[in-house]
file input32.pdb (PDB, C-alpha atoms)
MODEL        1
ATOM      1  CA  MET A   1     179.919 107.725 190.983  1.00  0.00           C
ATOM      2  CA  LEU A   2     183.247 105.907 190.842  1.00  0.00           C
ATOM      3  CA  GLU A   3     183.685 102.568 192.499  1.00  0.00           C
ATOM      4  CA  ASN A   4     186.345 102.184 195.159  1.00  0.00           C
ATOM      5  CA  ASP A   5     188.795 100.176 193.023  1.00  0.00           C
ATOM      6  CA  ASP A   6     188.374 102.611 190.118  1.00  0.00           C
ATOM      7  CA  ALA A   7     189.076 105.560 192.408  1.00  0.00           C
ATOM      8  CA  LEU A   8     192.180 103.877 193.812  1.00  0.00           C
ATOM      9  CA  PHE A   9     193.400 102.994 190.329  1.00  0.00           C
ATOM     10  CA  PHE A  10     192.738 106.551 189.115  1.00  0.00           C
ATOM     11  CA  GLU A  11     194.823 108.045 191.912  1.00  0.00           C
ATOM     12  CA  TYR A  12     197.627 105.523 191.389  1.00  0.00           C
ATOM     13  CA  TRP A  13     197.744 105.926 187.612  1.00  0.00           C
ATOM     14  CA  THR A  14     197.598 109.726 187.785  1.00  0.00           C
ATOM     15  CA  ALA A  15     200.728 109.703 189.935  1.00  0.00           C
ATOM     16  CA  ASN A  16     202.636 106.897 188.178  1.00  0.00           C
ATOM     17  CA  ARG A  17     201.604 106.799 184.520  1.00  0.00           C
ATOM     18  CA  LEU A  18     204.824 108.223 183.083  1.00  0.00           C
ATOM     19  CA  LYS A  19     207.004 106.197 185.432  1.00  0.00           C
ATOM     20  CA  ASN A  20     205.281 102.960 184.383  1.00  0.00           C
ATOM     21  CA  LYS A  21     205.785 103.622 180.678  1.00  0.00           C
ATOM     22  CA  ARG A  22     209.474 102.763 181.086  1.00  0.00           C
ATOM     23  CA  SER A  23     209.082 100.204 183.853  1.00  0.00           C
ATOM     24  CA  SER A  24     211.246  97.097 183.742  1.00  0.00           C
ATOM     25  CA  ARG A  25     208.853  94.745 185.538  1.00  0.00           C
ATOM     26  CA  PRO A  26     206.456  94.183 182.586  1.00  0.00           C
ATOM     27  CA  PHE A  27     209.507  94.052 180.313  1.00  0.00           C
ATOM     28  CA  LEU A  28     210.956  91.200 182.377  1.00  0.00           C
ATOM     29  CA  LYS A  29     207.628  89.350 182.330  1.00  0.00           C
ATOM     30  CA  GLY A  30     207.489  89.638 178.550  1.00  0.00           C
ATOM     31  CA  LEU A  31     211.123  88.564 178.292  1.00  0.00           C
ATOM     32  CA  SER A  32     210.392  85.421 180.276  1.00  0.00           C
ATOM     33  CA  VAL A  33     207.408  84.645 178.024  1.00  0.00           C
ATOM     34  CA  GLY A  34     209.621  85.087 174.960  1.00  0.00           C
ATOM     35  CA  PHE A  35     212.275  82.777 176.399  1.00  0.00           C
ATOM     36  CA  ALA A  36     209.595  80.208 177.249  1.00  0.00           C
ATOM     37  CA  ILE A  37     208.401  80.252 173.635  1.00  0.00           C
ATOM     38  CA  GLY A  38     212.005  79.894 172.472  1.00  0.00           C
ATOM     39  CA  ILE A  39     212.607  76.964 174.818  1.00  0.00           C
ATOM     40  CA  GLY A  40     209.421  75.363 173.513  1.00  0.00           C
ATOM     41  CA  ILE A  41     210.645  75.712 169.942  1.00  0.00           C
ATOM     42  CA  LEU A  42     214.003  74.229 170.900  1.00  0.00           C
ATOM     43  CA  GLY A  43     212.234  71.350 172.621  1.00  0.00           C
ATOM     44  CA  VAL A  44     210.114  70.596 169.575  1.00  0.00           C
ATOM     45  CA  ILE A  45     213.118  70.646 167.268  1.00  0.00           C
ATOM     46  CA  TYR A  46     215.657  68.779 169.383  1.00  0.00           C
ATOM     47  CA  LEU A  47     213.276  66.144 170.724  1.00  0.00           C
ATOM     48  CA  GLY A  48     212.456  65.156 167.170  1.00  0.00           C
ATOM     49  CA  TRP A  49     208.699  65.726 167.259  1.00  0.00           C
ATOM     50  CA  TYR A  50     208.768  67.386 163.876  1.00  0.00           C
ATOM     51  CA  GLN A  51     211.297  65.515 161.760  1.00  0.00           C
ATOM     52  CA  ARG A  52     211.312  67.900 158.812  1.00  0.00           C
ATOM     53  CA  ALA A  53     212.188  70.860 161.073  1.00  0.00           C
ATOM     54  CA  ASP A  54     214.904  68.753 162.695  1.00  0.00           C
ATOM     55  CA  MET A  55     216.405  67.942 159.284  1.00  0.00           C
ATOM     56  CA  GLN A  56     216.250  71.598 158.230  1.00  0.00           C
ATOM     57  CA  VAL A  57     217.941  72.831 161.397  1.00  0.00           C
ATOM     58  CA  SER A  58     220.633  70.161 161.199  1.00  0.00           C
ATOM     59  CA  SER A  59     221.474  70.904 157.589  1.00  0.00           C
ATOM     60  CA  SER A  60     221.509  74.678 157.204  1.00  0.00           C
ATOM     61  CA  LEU A  61     221.021  76.646 160.422  1.00  0.00           C
ATOM     62  CA  SER A  62     223.904  77.514 162.700  1.00  0.00           C
ATOM     63  CA  PRO A  63     223.268  77.281 166.448  1.00  0.00           C
ATOM     64  CA  PHE A  64     224.456  80.875 166.931  1.00  0.00           C
ATOM     65  CA  LEU A  65     221.887  82.179 164.470  1.00  0.00           C
ATOM     66  CA  PHE A  66     219.152  80.108 166.094  1.00  0.00           C
ATOM     67  CA  LEU A  67     219.974  81.442 169.586  1.00  0.00           C
ATOM     68  CA  PHE A  68     220.125  84.977 168.175  1.00  0.00           C
ATOM     69  CA  ALA A  69     216.642  84.479 166.696  1.00  0.00           C
ATOM     70  CA  ILE A  70     215.308  83.251 170.062  1.00  0.00           C
ATOM     71  CA  MET A  71     216.818  86.265 171.828  1.00  0.00           C
ATOM     72  CA  GLY A  72     215.286  88.558 169.207  1.00  0.00           C
ATOM     73  CA  LEU A  73     211.907  86.913 169.716  1.00  0.00           C
ATOM     74  CA  SER A  74     212.234  87.307 173.484  1.00  0.00           C
ATOM     75  CA  VAL A  75     213.091  91.003 173.295  1.00  0.00           C
ATOM     76  CA  PHE A  76     210.223  91.592 170.857  1.00  0.00           C
ATOM     77  CA  MET A  77     207.778  89.805 173.163  1.00  0.00           C
ATOM     78  CA  ALA A  78     209.050  91.799 176.142  1.00  0.00           C
ATOM     79  CA  PHE A  79     208.652  95.127 174.346  1.00  0.00           C
ATOM     80  CA  THR A  80     205.200  94.204 173.056  1.00  0.00           C
ATOM     81  CA  TYR A  81     203.997  92.951 176.452  1.00  0.00           C
ATOM     82  CA  ARG A  82     205.181  96.084 178.248  1.00  0.00           C
ATOM     83  CA  ASN A  83     203.472  98.365 175.747  1.00  0.00           C
ATOM     84  CA  TYR A  84     200.297  96.271 175.832  1.00  0.00           C
ATOM     85  CA  GLN A  85     200.090  96.427 179.619  1.00  0.00           C
ATOM     86  CA  TRP A  86     200.665 100.183 179.623  1.00  0.00           C
ATOM     87  CA  GLU A  87     198.024 100.752 176.933  1.00  0.00           C
ATOM     88  CA  MET A  88     195.452  98.671 178.815  1.00  0.00           C
ATOM     89  CA  LYS A  89     196.023 100.676 181.994  1.00  0.00           C
ATOM     90  CA  GLU A  90     195.967 103.945 180.064  1.00  0.00           C
ATOM     91  CA  GLN A  91     192.671 102.973 178.416  1.00  0.00           C
ATOM     92  CA  ARG A  92     191.161 102.189 181.820  1.00  0.00           C
ATOM     93  CA  TYR A  93     192.439 105.533 183.141  1.00  0.00           C
ATOM     94  CA  LEU A  94     190.931 107.458 180.229  1.00  0.00           C
ATOM     95  CA  SER A  95     187.563 105.716 180.595  1.00  0.00           C
ATOM     96  CA  ILE A  96     187.491 106.531 184.315  1.00  0.00           C
ATOM     97  CA  LEU A  97     188.437 110.136 183.525  1.00  0.00           C
ATOM     98  CA  ALA A  98     185.617 110.402 180.965  1.00  0.00           C
ATOM     99  CA  ARG A  99     183.139 108.905 183.443  1.00  0.00           C
ATOM    100  CA  LYS A 100     184.319 111.347 186.092  1.00  0.00           C
ATOM    101  CA  LYS A 101     183.864 114.334 183.762  1.00  0.00           C
ATOM    102  CA  ARG A 102     180.408 113.077 182.725  1.00  0.00           C
ATOM    103  CA  ASP A 103     179.358 112.801 186.366  1.00  0.00           C
ATOM    104  CA  GLU A 104     180.608 116.335 187.048  1.00  0.00           C
ATOM    105  CA  LEU A 105     178.631 117.691 184.086  1.00  0.00           C
ATOM    106  CA  LYS A 106     175.487 115.946 185.318  1.00  0.00           C
ATOM    107  CA  LYS A 107     175.928 117.540 188.746  1.00  0.00           C
ATOM    108  CA  GLU A 108     176.338 120.994 187.183  1.00  0.00           C
ATOM    109  CA  MET A 109     173.239 120.584 185.007  1.00  0.00           C
ATOM    110  CA  GLN A 110     170.977 119.624 187.909  1.00  0.00           C
ATOM    111  CA  PRO A 111     169.177 122.587 189.512  1.00  0.00           C
TER
ENDMDL
END
call {"tool": "encode", "arguments": {"input": "input32.pdb", "output": "structure tokens"}}
result
Amino acid sequence: MLENDDALFFEYWTANRLKNKRSSRPFLKGLSVGFAIGIGILGVIYLGWYQRADMQVSSSLSPFLFLFAIMGLSVFMAFTYRNYQWEMKEQRYLSILARKKRDELKKEMQP
């Protein structure tokens, strides 16, 4: 027997699973996490908490390349987060589907 929240999720995911694979909402969440990590790295370097990193950035790294690396990190985090969220929901859907099939088989086997 499926619980109420599992049944609601099953109905929702059956109708929207392909639409959510390309959804922009999880992508934007992941993008914001990536930018937050990038801002944290910038803060550590430019506030002088780690002097060796500050010296390395000042001597050899152009600001354009550094911003490009942060943008690349942000896009990677966004892509990874979106795929992770979709996979977690898909795994839950498949486990509910297997439980549903198992319950149907038990009902058929009972006299």
call {"tool": "residues_around", "arguments": {"input": "input32.pdb", "residues": "stretch 8-25 of chain A", "least_positions_apart": "3", "cutoff": "8 Å", "atoms": "only C-alpha atoms", "output": "list in words"}}
result
Asn4, Asp5, Leu28, Lys29, Arg82, Asn83, Trp86, Lys89, Glu90, Tyr93, Ile96 and Leu97 of chain A
call {"tool": "atom_distance", "arguments": {"input": "input32.pdb", "atom1": "atom CA of A:Ile70", "atom2": "atom CA of A:Phe35"}}
result
7.0 Å
call {"tool": "residues_around", "arguments": {"input": "input32.pdb", "residues": "stretch 76-80 of chain A", "least_positions_apart": "5", "cutoff": "8 Å", "atoms": "all atoms listed in the file", "output": "PyMOL selection string"}}
result
chain A and resi 26-34
call {"tool": "atom_distance", "arguments": {"input": "input32.pdb", "atom1": "atom CA of A:Leu67", "atom2": "atom CA of A:Gln85"}}
result
26.8 Å
call {"tool": "closest_residue", "arguments": {"input": "input32.pdb", "among": "A:Ser74, A:Asp6, A:Gln51, A:Ser60", "to": "A:Gly38", "atoms": "only C-alpha atoms"}}
result
A:Ser74
call {"tool": "residues_around", "arguments": {"input": "input32.pdb", "residues": "A:Arg99", "least_positions_apart": "6", "cutoff": "12 Å", "atoms": "all atoms listed in the file", "output": "list in words"}}
result
Met1, Leu2, Glu3, Asp6, Ala7, Phe10, Arg92, Tyr93, Leu105 and Lys106 of chain A
call {"tool": "write_last_selection", "arguments": {"input": "input32.pdb", "atoms": "C-alpha atoms", "output": "PDB file, in the frame of the given file"}}
result
ATOM      1  CA  MET A   1     179.919 107.725 190.983  1.00  0.00           C
ATOM      2  CA  LEU A   2     183.247 105.907 190.842  1.00  0.00           C
ATOM      3  CA  GLU A   3     183.685 102.568 192.499  1.00  0.00           C
ATOM      4  CA  ASP A   6     188.374 102.611 190.118  1.00  0.00           C
ATOM      5  CA  ALA A   7     189.076 105.560 192.408  1.00  0.00           C
ATOM      6  CA  PHE A  10     192.738 106.551 189.115  1.00  0.00           C
ATOM      7  CA  ARG A  92     191.161 102.189 181.820  1.00  0.00           C
ATOM      8  CA  TYR A  93     192.439 105.533 183.141  1.00  0.00           C
ATOM      9  CA  LEU A 105     178.631 117.691 184.086  1.00  0.00           C
ATOM     10  CA  LYS A 106     175.487 115.946 185.318  1.00  0.00           C
TER      11      LYS A 106
END
call {"tool": "closest_residue", "arguments": {"input": "input32.pdb", "among": "A:Lys101, A:Leu42, A:Val75, A:Tyr81", "to": "A:Pro63", "atoms": "only C-alpha atoms"}}
result
A:Leu42
